[in-house]
file query-v7.csv (CSV, C-alpha atoms)
chain,number,residue,atom,x,y,z
A,1,MET,CA,-14.3,-3.1,-20.2
A,2,LEU,CA,-16.7,-3.8,-17.3
A,3,ALA,CA,-20.3,-3.0,-17.4
A,4,ALA,CA,-21.5,-0.7,-14.6
A,5,THR,CA,-24.1,-2.2,-12.4
A,6,SER,CA,-26.0,-0.3,-9.8
A,7,THR,CA,-25.3,-1.4,-6.3
A,8,LEU,CA,-28.0,-3.4,-4.5
A,9,SER,CA,-28.4,-3.2,-0.8
A,10,SER,CA,-28.7,-6.4,1.2
A,11,THR,CA,-28.0,-7.7,4.6
A,12,ALA,CA,-28.0,-11.2,6.0
A,13,SER,CA,-31.5,-10.7,7.2
A,14,GLN,CA,-32.7,-9.6,3.8
A,15,LEU,CA,-31.2,-12.4,1.8
A,16,THR,CA,-33.7,-14.6,0.0
A,17,PRO,CA,-33.1,-18.3,0.4
A,18,LEU,CA,-33.7,-20.3,-2.8
A,19,SER,CA,-35.8,-22.6,-0.7
A,20,SER,CA,-38.4,-19.8,-0.4
A,21,LEU,CA,-38.7,-19.2,-4.1
A,22,SER,CA,-40.6,-22.4,-4.9
A,23,PRO,CA,-41.7,-25.5,-3.0
A,24,ASN,CA,-38.8,-27.6,-4.4
A,25,PRO,CA,-36.3,-25.4,-6.4
A,26,PHE,CA,-33.7,-28.2,-6.5
A,27,SER,CA,-35.1,-31.7,-6.3
A,28,VAL,CA,-31.7,-33.0,-5.2
A,29,LYS,CA,-30.9,-30.1,-2.9
A,30,PHE,CA,-28.4,-28.8,-5.4
A,31,SER,CA,-26.3,-31.9,-4.9
A,32,PHE,CA,-23.5,-32.5,-7.4
A,33,THR,CA,-20.9,-35.2,-8.2
A,34,PHE,CA,-17.9,-33.5,-9.6
A,35,ARG,CA,-15.0,-35.0,-11.5
A,36,GLU,CA,-4.1,-11.7,9.9
A,37,ASN,CA,-1.0,-10.6,9.0
A,38,LYS,CA,-1.9,-6.8,9.2
A,39,ASN,CA,0.7,-5.2,7.0
A,40,ARG,CA,-0.7,-2.2,5.2
A,41,ILE,CA,0.4,0.7,3.1
A,42,ALA,CA,-1.5,4.0,3.2
A,43,VAL,CA,-3.8,4.9,0.3
A,44,PRO,CA,-2.4,8.0,-1.5
A,45,THR,CA,-4.1,11.2,-0.4
A,46,SER,CA,-5.4,11.9,-3.9
A,47,LEU,CA,-7.1,8.5,-3.9
A,48,LYS,CA,-9.1,9.5,-0.9
A,49,SER,CA,-11.1,12.0,-2.9
A,50,GLN,CA,-12.4,9.6,-5.5
A,51,ARG,CA,-16.0,8.6,-6.0
A,52,CYS,CA,-15.9,5.5,-3.8
A,53,GLN,CA,-15.2,7.6,-0.7
A,54,LEU,CA,-12.0,5.9,0.1
A,55,SER,CA,-11.3,8.5,2.8
A,56,ALA,CA,-13.7,6.6,5.1
A,57,LEU,CA,-12.2,3.2,4.2
A,58,PRO,CA,-9.3,1.2,5.6
A,59,ALA,CA,-5.8,1.6,4.2
A,60,LEU,CA,-4.8,-0.5,1.2
A,61,ARG,CA,-3.7,-3.9,2.5
A,62,VAL,CA,-0.6,-5.5,1.2
A,63,SER,CA,1.3,-8.6,2.2
A,64,ALA,CA,4.7,-7.1,2.8
A,65,SER,CA,6.2,-8.9,5.8
A,66,SER,CA,8.7,-11.7,5.8
A,67,GLN,CA,7.5,-12.8,9.2
A,68,SER,CA,5.0,-15.5,9.7
A,69,ALA,CA,1.3,-14.7,10.2
A,70,PRO,CA,-0.1,-15.7,13.6
A,71,THR,CA,-1.1,-19.3,13.8
A,72,SER,CA,-4.5,-19.7,12.3
A,73,VAL,CA,-7.4,-20.8,14.5
A,74,GLU,CA,-9.5,-21.7,11.5
A,75,ALA,CA,-8.4,-25.4,11.5
A,76,SER,CA,-9.4,-25.7,15.2
A,77,LYS,CA,-12.9,-24.6,14.3
A,78,VAL,CA,-13.5,-27.6,12.0
A,79,SER,CA,-15.7,-30.2,13.5
A,80,ALA,CA,-17.9,-32.9,12.0
A,81,LEU,CA,-18.6,-32.1,8.4
A,82,PRO,CA,-22.1,-31.0,7.6
A,83,SER,CA,-24.1,-32.3,4.6
A,84,GLU,CA,-25.4,-28.9,3.8
A,85,MET,CA,-23.8,-25.4,3.6
A,86,LYS,CA,-24.5,-21.8,2.9
A,87,ALA,CA,-23.7,-20.6,-0.6
A,88,TRP,CA,-24.6,-18.0,-3.2
A,89,VAL,CA,-26.3,-19.6,-6.2
A,90,TYR,CA,-27.8,-18.5,-9.5
A,91,GLY,CA,-30.1,-20.6,-11.6
A,92,ALA,CA,-30.3,-18.3,-14.6
A,93,TYR,CA,-27.8,-16.0,-16.4
A,94,GLY,CA,-28.1,-12.3,-15.9
A,95,GLY,CA,-27.2,-9.3,-13.7
A,96,VAL,CA,-26.5,-9.3,-9.9
A,97,ASP,CA,-30.2,-9.8,-9.3
A,98,VAL,CA,-30.0,-13.5,-10.3
A,99,LEU,CA,-27.7,-14.1,-7.2
A,100,LYS,CA,-29.6,-15.8,-4.4
A,101,PHE,CA,-28.4,-16.9,-0.9
A,102,ASP,CA,-29.2,-20.5,0.0
A,103,THR,CA,-28.6,-22.1,3.4
A,104,LYS,CA,-29.2,-25.6,2.3
A,105,VAL,CA,-26.8,-26.3,-0.6
A,106,ALA,CA,-25.3,-29.8,-0.5
A,107,VAL,CA,-21.6,-29.9,0.4
A,108,PRO,CA,-19.8,-31.1,-2.8
A,109,GLU,CA,-18.8,-34.7,-3.0
A,110,LEU,CA,-15.1,-35.4,-3.1
A,111,LEU,CA,-13.2,-37.2,-5.9
A,112,GLU,CA,-10.1,-39.2,-5.2
A,113,ASP,CA,-7.7,-36.5,-6.4
A,114,GLN,CA,-9.5,-33.6,-4.6
A,115,VAL,CA,-9.4,-32.0,-1.2
A,116,LEU,CA,-12.4,-30.4,0.5
A,117,VAL,CA,-11.6,-26.9,1.6
A,118,LYS,CA,-13.4,-25.0,4.4
A,119,VAL,CA,-13.5,-21.6,2.7
A,120,VAL,CA,-12.2,-18.7,4.8
A,121,ALA,CA,-12.0,-16.1,2.1
A,122,ALA,CA,-12.7,-15.8,-1.6
A,123,ALA,CA,-12.1,-13.1,-4.2
A,124,LEU,CA,-14.0,-11.9,-7.2
A,125,ASN,CA,-12.6,-11.6,-10.8
A,126,PRO,CA,-14.1,-10.2,-14.0
A,127,VAL,CA,-14.5,-13.8,-15.3
A,128,ASP,CA,-17.0,-14.4,-12.4
A,129,PHE,CA,-19.5,-11.8,-13.6
A,130,LYS,CA,-18.9,-12.5,-17.3
A,131,ARG,CA,-19.7,-16.1,-16.5
A,132,ARG,CA,-22.8,-15.1,-14.6
A,133,GLN,CA,-23.9,-12.9,-17.5
A,134,GLY,CA,-23.7,-15.9,-19.8
A,135,LYS,CA,-20.7,-14.6,-21.9
A,136,PHE,CA,-19.4,-18.2,-22.3
A,137,GLN,CA,-22.5,-20.3,-21.5
A,138,ASN,CA,-21.8,-22.7,-24.4
A,139,THR,CA,-18.7,-24.0,-22.6
A,140,ASP,CA,-20.0,-23.4,-19.0
A,141,SER,CA,-21.0,-26.2,-16.6
A,142,PRO,CA,-24.8,-26.7,-16.2
A,143,LEU,CA,-26.9,-24.4,-14.1
A,144,PRO,CA,-27.5,-23.8,-11.2
A,145,THR,CA,-24.1,-22.5,-10.3
A,146,VAL,CA,-22.3,-21.6,-7.1
A,147,PRO,CA,-19.8,-19.0,-8.5
A,148,GLY,CA,-16.2,-18.3,-7.5
A,149,TYR,CA,-12.7,-19.1,-8.7
A,150,ASP,CA,-10.3,-17.9,-6.0
A,151,VAL,CA,-10.2,-19.5,-2.6
A,152,ALA,CA,-8.1,-19.5,0.6
A,153,GLY,CA,-9.1,-21.9,3.4
A,154,VAL,CA,-8.4,-25.0,5.4
A,155,VAL,CA,-8.3,-28.6,4.2
A,156,VAL,CA,-10.9,-30.6,6.1
A,157,LYS,CA,-11.0,-33.8,4.0
A,158,VAL,CA,-8.7,-35.5,1.5
A,159,GLY,CA,-9.4,-37.9,-1.4
A,160,SER,CA,-7.9,-41.3,-1.5
A,161,LYS,CA,-5.2,-40.4,-4.0
A,162,VAL,CA,-4.2,-37.0,-2.5
A,163,LYS,CA,-0.5,-37.0,-1.6
A,164,ASP,CA,0.6,-33.4,-0.9
A,165,PHE,CA,-2.0,-32.2,1.5
A,166,LYS,CA,-3.5,-33.3,4.8
A,167,GLU,CA,-6.4,-32.2,7.0
A,168,GLY,CA,-5.6,-28.9,8.7
A,169,ASP,CA,-3.4,-27.5,5.9
A,170,GLU,CA,-4.0,-23.9,5.0
A,171,VAL,CA,-4.2,-23.6,1.2
A,172,TYR,CA,-5.0,-21.2,-1.6
A,173,GLY,CA,-5.6,-21.5,-5.3
A,174,ASP,CA,-7.9,-21.0,-8.3
A,175,ILE,CA,-10.3,-24.0,-8.2
A,176,ASN,CA,-10.9,-24.1,-12.0
A,177,GLU,CA,-8.1,-25.4,-14.2
A,178,LYS,CA,-9.7,-24.0,-17.3
A,179,ALA,CA,-11.5,-20.7,-16.6
A,180,LEU,CA,-13.8,-20.9,-19.6
A,181,GLU,CA,-14.1,-24.6,-20.2
A,182,GLY,CA,-16.5,-26.3,-17.8
A,183,PRO,CA,-15.7,-24.4,-14.6
A,184,LYS,CA,-16.9,-26.1,-11.5
A,185,GLN,CA,-20.6,-26.0,-10.8
A,186,SER,CA,-19.9,-25.6,-7.1
A,187,GLY,CA,-17.4,-22.7,-6.7
A,188,SER,CA,-15.7,-20.9,-3.9
A,189,LEU,CA,-18.4,-18.5,-2.8
A,190,ALA,CA,-19.7,-21.1,-0.4
A,191,GLU,CA,-18.7,-22.5,3.0
A,192,TYR,CA,-17.0,-25.5,1.3
A,193,THR,CA,-15.5,-26.3,-2.1
A,194,ALA,CA,-13.8,-29.4,-3.6
A,195,VAL,CA,-10.6,-28.8,-5.5
A,196,GLU,CA,-8.0,-31.0,-7.2
A,197,GLU,CA,-4.8,-30.9,-5.2
A,198,ARG,CA,-2.8,-29.9,-8.3
A,199,LEU,CA,-4.5,-26.6,-8.4
A,200,LEU,CA,-3.6,-25.6,-4.8
A,201,ALA,CA,-0.5,-24.6,-2.9
A,202,LEU,CA,0.1,-24.1,0.8
A,203,LYS,CA,-0.8,-20.5,1.9
A,204,PRO,CA,2.3,-18.3,2.3
A,205,LYS,CA,3.2,-18.2,5.9
A,206,ASN,CA,3.2,-14.5,6.3
A,207,LEU,CA,-0.2,-13.9,4.6
A,208,ASP,CA,-3.6,-14.0,6.1
A,209,PHE,CA,-6.5,-15.7,4.3
A,210,VAL,CA,-7.8,-12.4,2.9
A,211,GLN,CA,-4.4,-11.6,1.3
A,212,ALA,CA,-4.0,-15.2,0.0
A,213,ALA,CA,-7.5,-15.2,-1.5
A,214,ALA,CA,-6.7,-12.1,-3.5
A,215,LEU,CA,-3.9,-13.8,-5.4
A,216,PRO,CA,-4.4,-17.0,-7.3
A,217,LEU,CA,-6.2,-16.3,-10.6
A,218,ALA,CA,-4.6,-12.8,-10.9
A,219,ILE,CA,-1.1,-13.8,-10.1
A,220,GLU,CA,-1.2,-16.9,-12.3
A,221,THR,CA,-2.6,-14.8,-15.2
A,222,ALA,CA,0.1,-12.2,-14.7
A,223,TYR,CA,2.9,-14.9,-14.6
A,224,GLU,CA,1.6,-16.9,-17.5
A,225,GLY,CA,1.2,-13.8,-19.7
A,226,LEU,CA,4.8,-12.8,-19.1
A,227,GLU,CA,6.0,-16.3,-19.7
A,228,ARG,CA,4.2,-16.5,-23.0
A,229,THR,CA,5.9,-13.4,-24.3
A,230,GLY,CA,9.3,-14.8,-23.4
A,231,PHE,CA,9.8,-11.9,-21.0
A,232,SER,CA,13.3,-12.0,-19.3
A,233,ALA,CA,15.8,-9.9,-17.4
A,234,GLY,CA,16.8,-6.6,-19.1
A,235,LYS,CA,13.6,-6.2,-21.1
A,236,SER,CA,11.1,-3.3,-20.8
A,237,LEU,CA,7.4,-3.4,-20.1
A,238,LEU,CA,4.3,-1.2,-20.3
A,239,VAL,CA,1.3,-2.3,-18.2
A,240,LEU,CA,-2.2,-0.9,-19.1
A,241,ASN,CA,-4.4,-0.7,-16.0
A,242,GLY,CA,-1.5,-1.2,-13.6
A,243,ALA,CA,-3.7,-0.6,-10.5
A,244,GLY,CA,-6.0,-3.5,-11.3
A,245,GLY,CA,-6.0,-7.0,-9.9
A,246,VAL,CA,-3.8,-8.5,-12.7
A,247,GLY,CA,-1.9,-5.3,-13.6
A,248,SER,CA,-0.7,-4.7,-10.1
A,249,LEU,CA,0.9,-8.1,-10.0
A,250,VAL,CA,2.3,-7.9,-13.6
A,251,ILE,CA,4.3,-4.8,-12.4
A,252,GLN,CA,5.7,-6.7,-9.4
A,253,LEU,CA,6.5,-9.9,-11.1
A,254,ALA,CA,8.2,-8.2,-14.0
A,255,LYS,CA,10.3,-6.2,-11.7
A,256,HIS,CA,11.1,-8.6,-8.9
A,257,VAL,CA,10.8,-12.0,-10.4
A,258,PHE,CA,11.7,-11.6,-14.1
A,259,GLY,CA,14.2,-8.8,-13.7
A,260,ALA,CA,12.7,-6.1,-15.9
A,261,SER,CA,15.0,-3.2,-16.8
A,262,ARG,CA,12.1,-0.7,-16.9
A,263,VAL,CA,8.4,-0.9,-16.1
A,264,ALA,CA,5.9,1.7,-17.1
A,265,ALA,CA,2.2,1.5,-16.1
A,266,THR,CA,-1.0,3.5,-16.5
A,267,SER,CA,-3.7,4.4,-14.0
A,268,SER,CA,-5.9,7.3,-13.0
A,269,THR,CA,-4.4,10.3,-11.1
A,270,GLY,CA,-5.1,9.0,-7.6
A,271,LYS,CA,-3.4,5.7,-8.1
A,272,LEU,CA,-0.1,6.9,-9.6
A,273,GLU,CA,1.7,6.6,-6.2
A,274,LEU,CA,0.5,3.1,-5.8
A,275,LEU,CA,2.1,2.2,-9.2
A,276,LYS,CA,5.4,3.6,-8.0
A,277,SER,CA,5.2,1.7,-4.7
A,278,LEU,CA,4.7,-1.6,-6.6
A,279,GLY,CA,7.9,-1.0,-8.7
A,280,ALA,CA,6.8,1.1,-11.7
A,281,ASP,CA,9.6,3.3,-13.0
A,282,LEU,CA,7.2,5.5,-15.0
A,283,ALA,CA,3.6,6.0,-13.8
A,284,ILE,CA,1.3,7.4,-16.6
A,285,ASP,CA,-1.9,9.2,-15.8
A,286,TYR,CA,-4.2,8.1,-18.6
A,287,THR,CA,-6.6,11.0,-17.8
A,288,LYS,CA,-3.9,13.5,-18.9
A,289,GLU,CA,-1.6,11.6,-21.3
A,290,ASN,CA,-2.1,9.4,-24.3
A,291,PHE,CA,0.3,6.5,-23.7
A,292,GLU,CA,0.2,5.6,-27.4
A,293,GLU,CA,1.9,8.9,-28.2
A,294,LEU,CA,5.0,8.1,-26.0
A,295,PRO,CA,8.3,8.3,-27.9
A,296,GLU,CA,9.5,5.4,-25.9
A,297,LYS,CA,8.8,1.9,-27.1
A,298,PHE,CA,8.6,-1.3,-25.0
A,299,ASP,CA,9.6,-4.9,-25.5
A,300,VAL,CA,6.3,-6.1,-24.1
A,301,VAL,CA,2.9,-4.4,-23.5
A,302,TYR,CA,0.6,-6.1,-21.1
A,303,ASP,CA,-2.9,-4.9,-21.9
A,304,ALA,CA,-5.2,-5.6,-18.9
A,305,ILE,CA,-7.9,-3.1,-19.9
A,306,GLY,CA,-8.8,-3.7,-23.5
A,307,GLN,CA,-6.9,-1.2,-25.6
A,308,CYS,CA,-4.8,-3.5,-27.8
A,309,ASP,CA,-5.3,-1.2,-30.9
A,310,LYS,CA,-3.3,1.5,-29.0
A,311,ALA,CA,-1.0,-0.9,-27.3
A,312,VAL,CA,0.5,-2.1,-30.6
A,313,LYS,CA,1.7,1.5,-31.3
A,314,VAL,CA,4.2,1.5,-28.4
A,315,VAL,CA,5.7,-2.0,-28.8
A,316,LYS,CA,9.1,-2.5,-30.3
A,317,GLU,CA,9.5,-4.3,-33.6
A,318,GLY,CA,9.5,-8.0,-32.8
A,319,GLY,CA,7.9,-7.3,-29.4
A,320,SER,CA,4.8,-8.8,-27.9
A,321,VAL,CA,1.4,-7.5,-26.8
A,322,VAL,CA,-0.7,-9.5,-24.3
A,323,ALA,CA,-4.4,-8.6,-24.6
A,324,LEU,CA,-6.6,-10.0,-21.8
A,325,THR,CA,-9.8,-8.5,-23.0
A,326,GLY,CA,-11.3,-6.6,-26.0
A,327,ALA,CA,-10.5,-6.9,-29.6
A,328,VAL,CA,-7.0,-8.2,-30.5
A,329,THR,CA,-4.8,-6.3,-33.0
A,330,PRO,CA,-1.7,-8.0,-34.4
A,331,PRO,CA,0.9,-8.6,-33.1
A,332,GLY,CA,-1.3,-8.8,-30.0
A,333,PHE,CA,-2.4,-12.2,-28.7
A,334,ARG,CA,-4.9,-13.4,-26.1
A,335,PHE,CA,-4.7,-16.4,-23.8
A,336,VAL,CA,-6.9,-17.9,-21.0
A,337,VAL,CA,-5.0,-18.8,-17.9
A,338,THR,CA,-4.5,-22.4,-16.8
A,339,SER,CA,-4.8,-22.8,-13.0
A,340,ASN,CA,-1.6,-24.4,-11.7
A,341,GLY,CA,-0.7,-24.9,-8.1
A,342,ALA,CA,3.0,-25.3,-9.1
A,343,VAL,CA,3.1,-21.7,-10.2
A,344,LEU,CA,1.8,-20.6,-6.8
A,345,LYS,CA,4.5,-22.8,-5.1
A,346,LYS,CA,7.1,-21.2,-7.3
A,347,LEU,CA,6.0,-17.7,-6.4
A,348,ASN,CA,5.5,-18.4,-2.6
A,349,PRO,CA,9.1,-17.3,-1.7
A,350,TYR,CA,8.6,-13.9,-3.4
A,351,LEU,CA,5.3,-13.5,-1.4
A,352,GLU,CA,6.9,-14.6,1.8
A,353,SER,CA,9.8,-12.2,1.4
A,354,GLY,CA,7.5,-9.3,0.7
A,355,LYS,CA,8.9,-8.6,-2.7
A,356,VAL,CA,5.5,-9.4,-4.2
A,357,LYS,CA,2.4,-8.1,-2.4
A,358,ALA,CA,-1.4,-8.8,-2.6
A,359,VAL,CA,-3.2,-5.5,-3.4
A,360,ILE,CA,-6.7,-5.5,-1.9
A,361,ASP,CA,-9.3,-2.8,-2.6
A,362,PRO,CA,-9.7,-0.7,0.5
A,363,LYS,CA,-13.5,-0.8,0.3
A,364,GLY,CA,-13.2,-4.5,1.3
A,365,PRO,CA,-13.2,-7.1,2.4
A,366,PHE,CA,-16.9,-7.5,1.9
A,367,PRO,CA,-18.7,-9.8,4.3
A,368,PHE,CA,-20.4,-12.9,2.7
A,369,SER,CA,-23.8,-11.3,3.1
A,370,LYS,CA,-22.7,-8.3,0.9
A,371,LEU,CA,-21.8,-10.4,-2.2
A,372,VAL,CA,-24.2,-8.5,-4.4
A,373,GLU,CA,-22.7,-5.2,-3.4
A,374,ALA,CA,-19.2,-6.6,-4.0
A,375,PHE,CA,-20.1,-7.7,-7.5
A,376,SER,CA,-21.8,-4.4,-8.3
A,377,TYR,CA,-18.7,-2.5,-7.2
A,378,LEU,CA,-16.3,-4.8,-9.2
A,379,GLU,CA,-18.5,-4.2,-12.3
A,380,THR,CA,-17.9,-0.4,-12.1
A,381,ASN,CA,-14.3,-1.0,-13.1
A,382,ARG,CA,-13.2,1.3,-10.3
A,383,ALA,CA,-11.7,-1.3,-8.0
A,384,THR,CA,-8.0,-1.0,-6.9
A,385,GLY,CA,-6.4,-4.5,-6.8
A,386,LYS,CA,-8.8,-7.3,-5.8
A,387,VAL,CA,-12.3,-7.4,-4.3
A,388,VAL,CA,-12.3,-10.0,-1.5
A,389,ILE,CA,-15.1,-11.7,0.4
A,390,HIS,CA,-14.5,-12.4,4.0
A,391,PRO,CA,-15.5,-14.0,6.3
A,392,ILE,CA,-17.4,-16.8,4.6
A,393,GLN,CA,-20.0,-17.8,7.2
call {"tool": "encode", "arguments": {"input": "query-v7.csv", "output": "structure tokens"}}
result
Amino acid sequence: MLAATSTLSSTASQLTPLSSLSPNPFSVKFSFTFRENKNRIAVPTSLKSQRCQLSALPALRVSASSQSAPTSVEASKVSALPSEMKAWVYGAYGGVDVLKFDTKVAVPELLEDQVLVKVVAAALNPVDFKRRQGKFQNTDSPLPTVPGYDVAGVVVKVGSKVKDFKEGDEVYGDINEKALEGPKQSGSLAEYTAVEERLLALKPKNLDFVQAAALPLAIETAYEGLERTGFSAGKSLLVLNGAGGVGSLVIQLAKHVFGASRVAATSSTGKLELLKSLGADLAIDYTKENFEELPEKFDVVYDAIGQCDKAVKVVKEGGSVVALTGAVTPPGFRFVVTSNGAVLKKLNPYLESGKVKAVIDPKGPFPFSKLVEAFSYLETNRATGKVVIHPIQ
């Protein structure tokens, strides 16, 4: 589903500011007016031998504790707001090579229903690189673009009509209400981002910013997809790509929020134990078994990899198939998630109790200076859970 992209090496000292590319690359300085909790679970031994050399990487991080995370010091770091910020920018569509680091991007102006968030952590999603590749440029906002959908950070300024948040609040969310329809020109892969309050929720007390950043777009996609199928207690579910960012949350929501009677999921050999730890009753190794040949049928199949033509073979008559990507075969259907802070608020108790966990790829988090490497890794389609960027500085 994802195009492999060779990893590019870069460090903070090697980043190329946009200001060095031309005498005046942005005549308005890219100015826009827009309308640790340390809980971990060990990576399965078999996972350590995979190509990404996980044996040398930290254990898979999950938010499992019901205890509060230590009081954040991020809010105390906020001083007078600058007029410019560091951000990653691209001025043309293409591969990872179009990404440029700029130290003089204008801090976004605030609308009356928005809050300005000091970004502490951000996460990458497939929609980020598909947008950068120009896959939906006809409905995209104008270039140049600061990419990024997922954010976790601290509110440093509020618009005149904001009611639910105040300065110092620790929040998280997907900053784009419609992922493919005019997403913000100034996204979350920057030191600051402006977000409508309705798209945000208070960060769960027991999660750190890295864990919180890993959740918004993926958990909202997982939840909305299950809702659209009419999924409910007692029903069965098959999740394709259960170890991915969305799939890992579909398993957990189906089991612990919706009350599924049985959850099956697919992954490669090394990730089968992860599926079981998330709540899967049946973990299927797609390298050894063809799930479409299973005698068992499911009420819902959630296809998070792009195999709808096979998925429809294992759904019960009258059942539903959610297809996030690839060609859609009836009775499969596709949807594009709508960002909604109310969904995050609804799910916060499950996150704070540890019933639902953020799954973060053990190769991360990637520092802000390594964004190109992070994108290149995500585009190999080998990530486990979410790829997170932290710290943003």
call {"tool": "closest_residue", "arguments": {"input": "query-v7.csv", "among": "A:Lys316, A:Lys205, A:Lys104, A:Lys288", "to": "A:Gly354", "atoms": "all atoms listed in the file"}}
result
A:Lys205
call {"tool": "atom_distance", "arguments": {"input": "query-v7.csv", "atom1": "atom CA of A:His256", "atom2": "atom CA of A:Val356"}}
result
7.4 Å
call {"tool": "closest_residue", "arguments": {"input": "query-v7.csv", "among": "A:Val337, A:Leu202, A:Ala383, A:Leu378", "to": "A:Pro349", "atoms": "only C-alpha atoms"}}
result
A:Leu202
call {"tool": "closest_residue", "arguments": {"input": "query-v7.csv", "among": "A:Ala122, A:Gly319, A:Arg382, A:Lys297", "to": "A:Gly270", "atoms": "only C-alpha atoms"}}
result
A:Arg382
call {"tool": "residues_around", "arguments": {"input": "query-v7.csv", "residues": "A:Phe136", "least_positions_apart": "4", "cutoff": "9 Å", "atoms": "all atoms listed in the file", "output": "PyMOL selection string"}}
result
chain A and resi 130-132+140+180-181
call {"tool": "closest_residue", "arguments": {"input": "query-v7.csv", "among": "A:Ala358, A:Leu371, A:Val96, A:Ala123", "to": "A:Leu207", "atoms": "only C-alpha atoms"}}
result
A:Ala358
call {"tool": "atom_distance", "arguments": {"input": "query-v7.csv", "atom1": "atom CA of A:Pro144", "atom2": "atom CA of A:Val89"}}
result
6.6 Å
call {"tool": "atom_distance", "arguments": {"input": "query-v7.csv", "atom1": "atom CA of A:Glu289", "atom2": "atom CA of A:Gly247"}}
result
18.6 Å
call {"tool": "closest_residue", "arguments": {"input": "query-v7.csv", "among": "A:Glu293, A:Pro391, A:Gln307, A:Glu379", "to": "A:Asp208", "atoms": "only C-alpha atoms"}}
result
A:Pro391
call {"tool": "closest_residue", "arguments": {"input": "query-v7.csv", "among": "A:Gly332, A:Glu191, A:Val115, A:Ala327", "to": "A:Gln393", "atoms": "only C-alpha atoms"}}
result
A:Glu191
call {"tool": "residues_around", "arguments": {"input": "query-v7.csv", "residues": "A:Glu227", "least_positions_apart": "4", "cutoff": "12 Å", "atoms": "only C-alpha atoms", "output": "list of chain:residue names"}}
result
A:Glu220, A:Thr221, A:Ala222, A:Tyr223, A:Phe231, A:Ser232, A:Ala233, A:Val250, A:Leu253, A:Ala254, A:Val257, A:Phe258, A:Val300, A:Tyr302, A:Ser320, A:Val322, A:Phe335, A:Val337, A:Val343
call {"tool": "residues_around", "arguments": {"input": "query-v7.csv", "residues": "A:Pro216", "least_positions_apart": "6", "cutoff": "8 Å", "atoms": "only C-alpha atoms", "output": "MDAnalysis selection string"}}
result
chainID A and resid 150:151 172:174 344
call {"tool": "residues_near_point", "arguments": {"input": "query-v7.csv", "point": "(-18.1, -30.4, -1.8)", "cutoff": "6 Å", "atoms": "only C-alpha atoms", "output": "ChimeraX atom specification"}}
result
/A:107-110,192-194
call {"tool": "build_atoms", "arguments": {"input": "query-v7.csv", "residues": "stretch 191-200 of chain A", "atoms": "N, CA, C and O atoms", "output": "JSON list (two decimals), keeping the file's coordinate frame"}}
result
[["chain", "number", "residue", "atom", "x", "y", "z"],
["A", 191, "GLU", "N", -19.43, -22.15, 1.81],
["A", 191, "GLU", "CA", -18.70, -22.50, 3.00],
["A", 191, "GLU", "C", -17.64, -23.62, 2.72],
["A", 191, "GLU", "O", -16.61, -23.70, 3.40],
["A", 192, "TYR", "N", -17.90, -24.46, 1.70],
["A", 192, "TYR", "CA", -17.00, -25.50, 1.30],
["A", 192, "TYR", "C", -16.85, -25.60, -0.18],
["A", 192, "TYR", "O", -17.80, -25.32, -0.91],
["A", 193, "THR", "N", -15.68, -26.01, -0.64],
["A", 193, "THR", "CA", -15.50, -26.30, -2.10],
["A", 193, "THR", "C", -14.51, -27.41, -2.24],
["A", 193, "THR", "O", -13.60, -27.59, -1.43],
["A", 194, "ALA", "N", -14.72, -28.22, -3.29],
["A", 194, "ALA", "CA", -13.80, -29.40, -3.60],
["A", 194, "ALA", "C", -12.89, -28.98, -4.71],
["A", 194, "ALA", "O", -13.32, -28.46, -5.74],
["A", 195, "VAL", "N", -11.60, -29.24, -4.51],
["A", 195, "VAL", "CA", -10.60, -28.80, -5.50],
["A", 195, "VAL", "C", -9.53, -29.88, -5.68],
["A", 195, "VAL", "O", -9.09, -30.52, -4.72],
["A", 196, "GLU", "N", -9.11, -30.07, -6.93],
["A", 196, "GLU", "CA", -8.00, -31.00, -7.20],
["A", 196, "GLU", "C", -6.74, -30.46, -6.56],
["A", 196, "GLU", "O", -6.45, -29.26, -6.62],
["A", 197, "GLU", "N", -5.97, -31.36, -5.97],
["A", 197, "GLU", "CA", -4.80, -30.90, -5.20],
["A", 197, "GLU", "C", -3.77, -30.21, -6.13],
["A", 197, "GLU", "O", -3.05, -29.33, -5.68],
["A", 198, "ARG", "N", -3.74, -30.55, -7.43],
["A", 198, "ARG", "CA", -2.80, -29.90, -8.30],
["A", 198, "ARG", "C", -3.02, -28.46, -8.56],
["A", 198, "ARG", "O", -2.15, -27.74, -9.08],
["A", 199, "LEU", "N", -4.20, -27.98, -8.20],
["A", 199, "LEU", "CA", -4.50, -26.60, -8.40],
["A", 199, "LEU", "C", -4.24, -25.71, -7.18],
["A", 199, "LEU", "O", -4.39, -24.48, -7.24],
["A", 200, "LEU", "N", -3.80, -26.33, -6.10],
["A", 200, "LEU", "CA", -3.60, -25.60, -4.80],
["A", 200, "LEU", "C", -2.14, -25.56, -4.44],
["A", 200, "LEU", "O", -1.30, -26.33, -4.93]]
